[in-house]
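As stored in start22.pdb (PDB, C-alpha atoms, pLDDT in the B column):
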ATOM      1  CA  ALA A 657      57.041 211.391 223.978  1.00 91.00           C
ATOM      2  CA  PHE A 658      58.141 214.809 225.209  1.00 90.00           C
ATOM      3  CA  HIS A 659      58.476 213.550 228.768  1.00 92.00           C
ATOM      4  CA  ALA A 660      60.455 210.539 227.566  1.00 95.00           C
ATOM      5  CA  GLN A 661      62.876 212.898 225.819  1.00 95.00           C
ATOM      6  CA  GLN A 662      63.143 214.987 228.969  1.00 94.00           C
ATOM      7  CA  ALA A 663      63.925 211.928 231.111  1.00 95.00           C
ATOM      8  CA  ALA A 664      66.762 210.913 228.786  1.00 96.00           C
ATOM      9  CA  ASP A 665      67.960 214.532 228.535  1.00 96.00           C
ATOM     10  CA  LYS A 666      68.133 214.977 232.307  1.00 96.00           C
ATOM     11  CA  ALA A 667      69.820 211.590 232.835  1.00 95.00           C
ATOM     12  CA  ILE A 668      72.561 212.393 230.322  1.00 97.00           C
ATOM     13  CA  LYS A 669      73.008 215.910 231.730  1.00 97.00           C
ATOM     14  CA  ALA A 670      73.368 214.422 235.226  1.00 95.00           C
ATOM     15  CA  ALA A 671      76.058 212.105 233.831  1.00 96.00           C
ATOM     16  CA  LEU A 672      77.808 215.115 232.300  1.00 96.00           C
ATOM     17  CA  VAL A 673      77.821 216.872 235.662  1.00 96.00           C
ATOM     18  CA  LEU A 674      79.187 213.760 237.383  1.00 94.00           C
ATOM     19  CA  GLY A 675      81.821 213.511 234.645  1.00 92.00           C
ATOM     20  CA  GLY A 676      82.922 217.086 235.290  1.00 92.00           C
ATOM     21  CA  VAL A 677      81.406 218.529 232.102  1.00 93.00           C
ATOM     22  CA  ASP A 678      79.187 221.613 232.169  1.00 94.00           C
ATOM     23  CA  PRO A 679      76.008 220.595 230.290  1.00 95.00           C
ATOM     24  CA  PRO A 680      75.299 222.815 227.297  1.00 94.00           C
ATOM     25  CA  ARG A 681      71.874 224.269 226.566  1.00 92.00           C
ATOM     26  CA  THR A 682      70.834 221.751 223.979  1.00 91.00           C
ATOM     27  CA  HIS A 683      68.327 218.950 223.771  1.00 90.00           C
ATOM     28  CA  ASP A 684      70.245 217.021 221.113  1.00 94.00           C
ATOM     29  CA  LEU A 685      70.738 213.756 222.964  1.00 96.00           C
ATOM     30  CA  ASN A 686      73.394 212.456 220.571  1.00 95.00           C
ATOM     31  CA  ASP A 687      75.411 215.652 221.050  1.00 96.00           C
ATOM     32  CA  LEU A 688      75.000 215.544 224.816  1.00 96.00           C
ATOM     33  CA  ARG A 689      76.175 211.981 225.205  1.00 93.00           C
ATOM     34  CA  ASN A 690      79.086 212.534 222.818  1.00 94.00           C
ATOM     35  CA  ARG A 691      80.368 215.127 225.301  1.00 95.00           C
ATOM     36  CA  LEU A 692      80.660 212.506 228.037  1.00 94.00           C
ATOM     37  CA  PRO A 693      84.165 211.378 228.965  1.00 91.00           C
ATOM     38  CA  ASP A 694      85.213 207.914 227.831  1.00 91.00           C
ATOM     39  CA  GLY A 695      83.936 204.991 229.857  1.00 92.00           C
ATOM     40  CA  TRP A 696      80.246 205.900 229.917  1.00 94.00           C
ATOM     41  CA  ARG A 697      78.212 203.025 228.477  1.00 94.00           C
ATOM     42  CA  VAL A 698      75.404 205.371 227.484  1.00 92.00           C
ATOM     43  CA  LYS A 699      77.749 206.720 224.793  1.00 91.00           C
ATOM     44  CA  LEU A 700      77.139 203.466 222.896  1.00 89.00           C
ATOM     45  CA  SER A 701      73.600 202.391 223.670  1.00 81.00           C
ATOM     46  CA  PRO A 702      71.023 203.007 222.388  1.00 82.00           C
ATOM     47  CA  PRO A 703      72.859 203.723 219.125  1.00 83.00           C
ATOM     48  CA  ASP A 704      70.811 206.682 217.818  1.00 89.00           C
ATOM     49  CA  LEU A 705      68.817 209.133 219.874  1.00 93.00           C
ATOM     50  CA  GLY A 706      67.875 211.462 217.016  1.00 91.00           C
ATOM     51  CA  ARG A 707      64.157 210.742 216.922  1.00 90.00           C
ATOM     52  CA  LEU A 708      63.894 210.943 220.697  1.00 92.00           C
ATOM     53  CA  SER A 709      65.703 214.312 220.577  1.00 92.00           C
ATOM     54  CA  ALA A 710      63.138 215.636 218.122  1.00 88.00           C
ATOM     55  CA  PHE A 711      60.376 215.317 220.696  1.00 89.00           C
ATOM     56  CA  ALA A 712      61.955 218.183 222.681  1.00 85.00           C
ATOM     57  CA  THR A 713      61.205 220.678 219.936  1.00 73.00           C
ATOM     58  CA  ASP A 714      58.112 218.967 218.569  1.00 55.00           C
ATOM     59  CA  SER A 715      56.189 219.763 221.736  1.00 57.00           C
ATOM     60  CA  ARG A 716      57.208 223.419 221.579  1.00 60.00           C
ATOM     61  CA  TYR A 717      56.041 223.853 217.989  1.00 61.00           C
ATOM     62  CA  PRO A 718      52.988 221.571 217.727  1.00 62.00           C
ATOM     63  CA  ASP A 719      51.585 223.289 214.625  1.00 67.00           C
ATOM     64  CA  ASP A 720      54.591 222.135 212.605  1.00 68.00           C
ATOM     65  CA  ILE A 721      54.389 218.402 213.343  1.00 70.00           C
ATOM     66  CA  ALA A 722      52.150 215.437 212.839  1.00 74.00           C
ATOM     67  CA  PRO A 723      50.548 213.952 215.967  1.00 82.00           C
ATOM     68  CA  VAL A 724      52.646 211.377 217.789  1.00 87.00           C
ATOM     69  CA  SER A 725      51.276 207.895 217.233  1.00 92.00           C
ATOM     70  CA  PRO A 726      50.889 205.489 220.142  1.00 94.00           C
ATOM     71  CA  ILE A 727      53.668 203.359 218.620  1.00 95.00           C
ATOM     72  CA  ASP A 728      56.026 206.345 218.379  1.00 93.00           C
ATOM     73  CA  ALA A 729      55.229 207.336 221.951  1.00 93.00           C
ATOM     74  CA  ALA A 730      55.836 203.792 223.202  1.00 95.00           C
ATOM     75  CA  THR A 731      59.123 203.644 221.283  1.00 94.00           C
ATOM     76  CA  ALA A 732      60.199 206.949 222.821  1.00 95.00           C
ATOM     77  CA  VAL A 733      59.387 205.682 226.302  1.00 95.00           C
ATOM     78  CA  ARG A 734      61.301 202.425 225.745  1.00 95.00           C
ATOM     79  CA  GLN A 735      64.327 204.338 224.466  1.00 94.00           C
ATOM     80  CA  ALA A 736      64.239 206.763 227.392  1.00 95.00           C
ATOM     81  CA  ILE A 737      64.012 203.878 229.851  1.00 94.00           C
ATOM     82  CA  ALA A 738      67.076 202.330 228.202  1.00 94.00           C
ATOM     83  CA  VAL A 739      69.013 205.597 228.545  1.00 95.00           C
ATOM     84  CA  VAL A 740      68.017 206.127 232.169  1.00 93.00           C
ATOM     85  CA  ARG A 741      68.820 202.502 233.015  1.00 92.00           C
ATOM     86  CA  VAL A 742      72.311 202.659 231.463  1.00 94.00           C
ATOM     87  CA  VAL A 743      73.077 206.017 233.095  1.00 95.00           C
ATOM     88  CA  ARG A 744      71.896 204.619 236.431  1.00 94.00           C
ATOM     89  CA  GLU A 745      74.210 201.622 235.990  1.00 94.00           C
ATOM     90  CA  ASP A 746      77.079 203.962 235.074  1.00 95.00           C
ATOM     91  CA  PHE A 747      76.410 205.979 238.233  1.00 95.00           C
ATOM     92  CA  GLU A 748      76.393 202.801 240.291  1.00 94.00           C
ATOM     93  CA  ARG A 749      79.723 201.682 238.796  1.00 94.00           C
ATOM     94  CA  ARG A 750      81.148 205.042 239.880  1.00 94.00           C
ATOM     95  CA  GLY A 751      79.991 204.576 243.470  1.00 94.00           C
ATOM     96  CA  VAL A 752      77.015 206.934 243.355  1.00 93.00           C
ATOM     97  CA  PRO A 753      74.056 205.762 245.461  1.00 90.00           C
ATOM     98  CA  VAL A 754      71.228 204.942 243.066  1.00 87.00           C
ATOM     99  CA  ALA A 755      68.522 203.534 245.323  1.00 84.00           C
ATOM    100  CA  GLY A 756      65.177 204.865 244.209  1.00 75.00           C
ATOM    101  CA  LEU A 757      66.330 205.793 240.696  1.00 68.00           C
ATOM    102  CA  GLU A 758      64.802 202.803 238.935  1.00 67.00           C
ATOM    103  CA  PRO A 759      62.817 203.679 235.797  1.00 59.00           C
ATOM    104  CA  ARG A 760      59.122 202.869 236.125  1.00 63.00           C
TER     105      ARG A 760
END

Can I see the file as structure tokens?
Amino acid sequence: AFHAQQAADKAIKAALVLGGVDPPRTHDLNDLRNRLPDGWRVKLSPPDLGRLSAFATDSRYPDDIAPVSPIDAATAVRQAIAVVRVVREDFERRGVPVAGLEPR
């Protein structure tokens, strides 16, 4: 789940850089994507990245959280794949070469 959060985090931060925005030092995915200029589809989908954001801090403070269930981990991975896919499509629409950036 942590790695899923990181994949979404890095994809959105890459979009910020491409959009001319200096990425802040935060792992709040909703905040990050809200900083994107208009026209980025990832600003709308998936609608809420709050739970995925939580996995950034959960892994740093494991004594304070319940273990991640297989269902929660799978949900995090699916959501991260959706974010990476939409960011990749947004890059492509902006003329950025995206070969080799397919989520696996």

Discussion item. Which residues would end up in the selection if the PyMOL selection byres ((chain A and resi 667) around 12) were applied here, given that I need the answer as JSON, numbers by chain?
Written reply: {"A": [660, 661, 662, 663, 664, 665, 666, 668, 669, 670, 671, 672, 673, 674, 679, 683, 685, 688, 689, 692, 698, 736, 737, 738, 739, 740, 741, 742, 743, 744, 745, 746, 747, 757, 758, 759]}

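Here CA of Pro753 in chain A stands at a distance of 18.5 Å from CA of Gly695 in chain A.
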
Worksheet item: Which of these residues is nearest to Arg707 in chain A, using all atoms listed in the file: A:Ala732, A:Ile721, A:Val754, A:Ile727?
Response: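 Closest to Arg707 in chain A, using all atoms listed in the file: A:Ala732.
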
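Computed from the coordinates, the CA of Gln735 in chain A to CA of Asp704 in chain A distance equals 9.6 Å.
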
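If you look at CA of Thr682 in chain A and CA of Lys699 in chain A, they are 16.6 Å away from each other.
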
Fill in: From A:Leu708, A:Gly676, A:Asn690, A:Arg750, residue lying nearest Ala730 in chain A [all atoms listed in the file]
A:Leu708

Fill in: Pick from A:Asp687, A:Trp696, A:Gly706, A:Pro726, whichever lies nearest to Gly675 in chain A using only C-alpha atoms
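Of the candidates, the smallest distance to Gly675 in chain A is held by A:Trp696.
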
To verify the selection step, state as a JSON list (two decimals) with C-alpha atoms, keeping the file's coordinate frame which residues the PyMOL selection byres ((chain A and resi 712) around 9) yields on this input.
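Saved the output as expr32.json:
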[["chain", "number", "residue", "atom", "x", "y", "z"],
["A", 657, "ALA", "CA", 57.04, 211.39, 223.98],
["A", 658, "PHE", "CA", 58.14, 214.81, 225.21],
["A", 659, "HIS", "CA", 58.48, 213.55, 228.77],
["A", 661, "GLN", "CA", 62.88, 212.90, 225.82],
["A", 662, "GLN", "CA", 63.14, 214.99, 228.97],
["A", 683, "HIS", "CA", 68.33, 218.95, 223.77],
["A", 684, "ASP", "CA", 70.24, 217.02, 221.11],
["A", 708, "LEU", "CA", 63.89, 210.94, 220.70],
["A", 709, "SER", "CA", 65.70, 214.31, 220.58],
["A", 710, "ALA", "CA", 63.14, 215.64, 218.12],
["A", 711, "PHE", "CA", 60.38, 215.32, 220.70],
["A", 713, "THR", "CA", 61.20, 220.68, 219.94],
["A", 714, "ASP", "CA", 58.11, 218.97, 218.57],
["A", 715, "SER", "CA", 56.19, 219.76, 221.74],
["A", 716, "ARG", "CA", 57.21, 223.42, 221.58]]
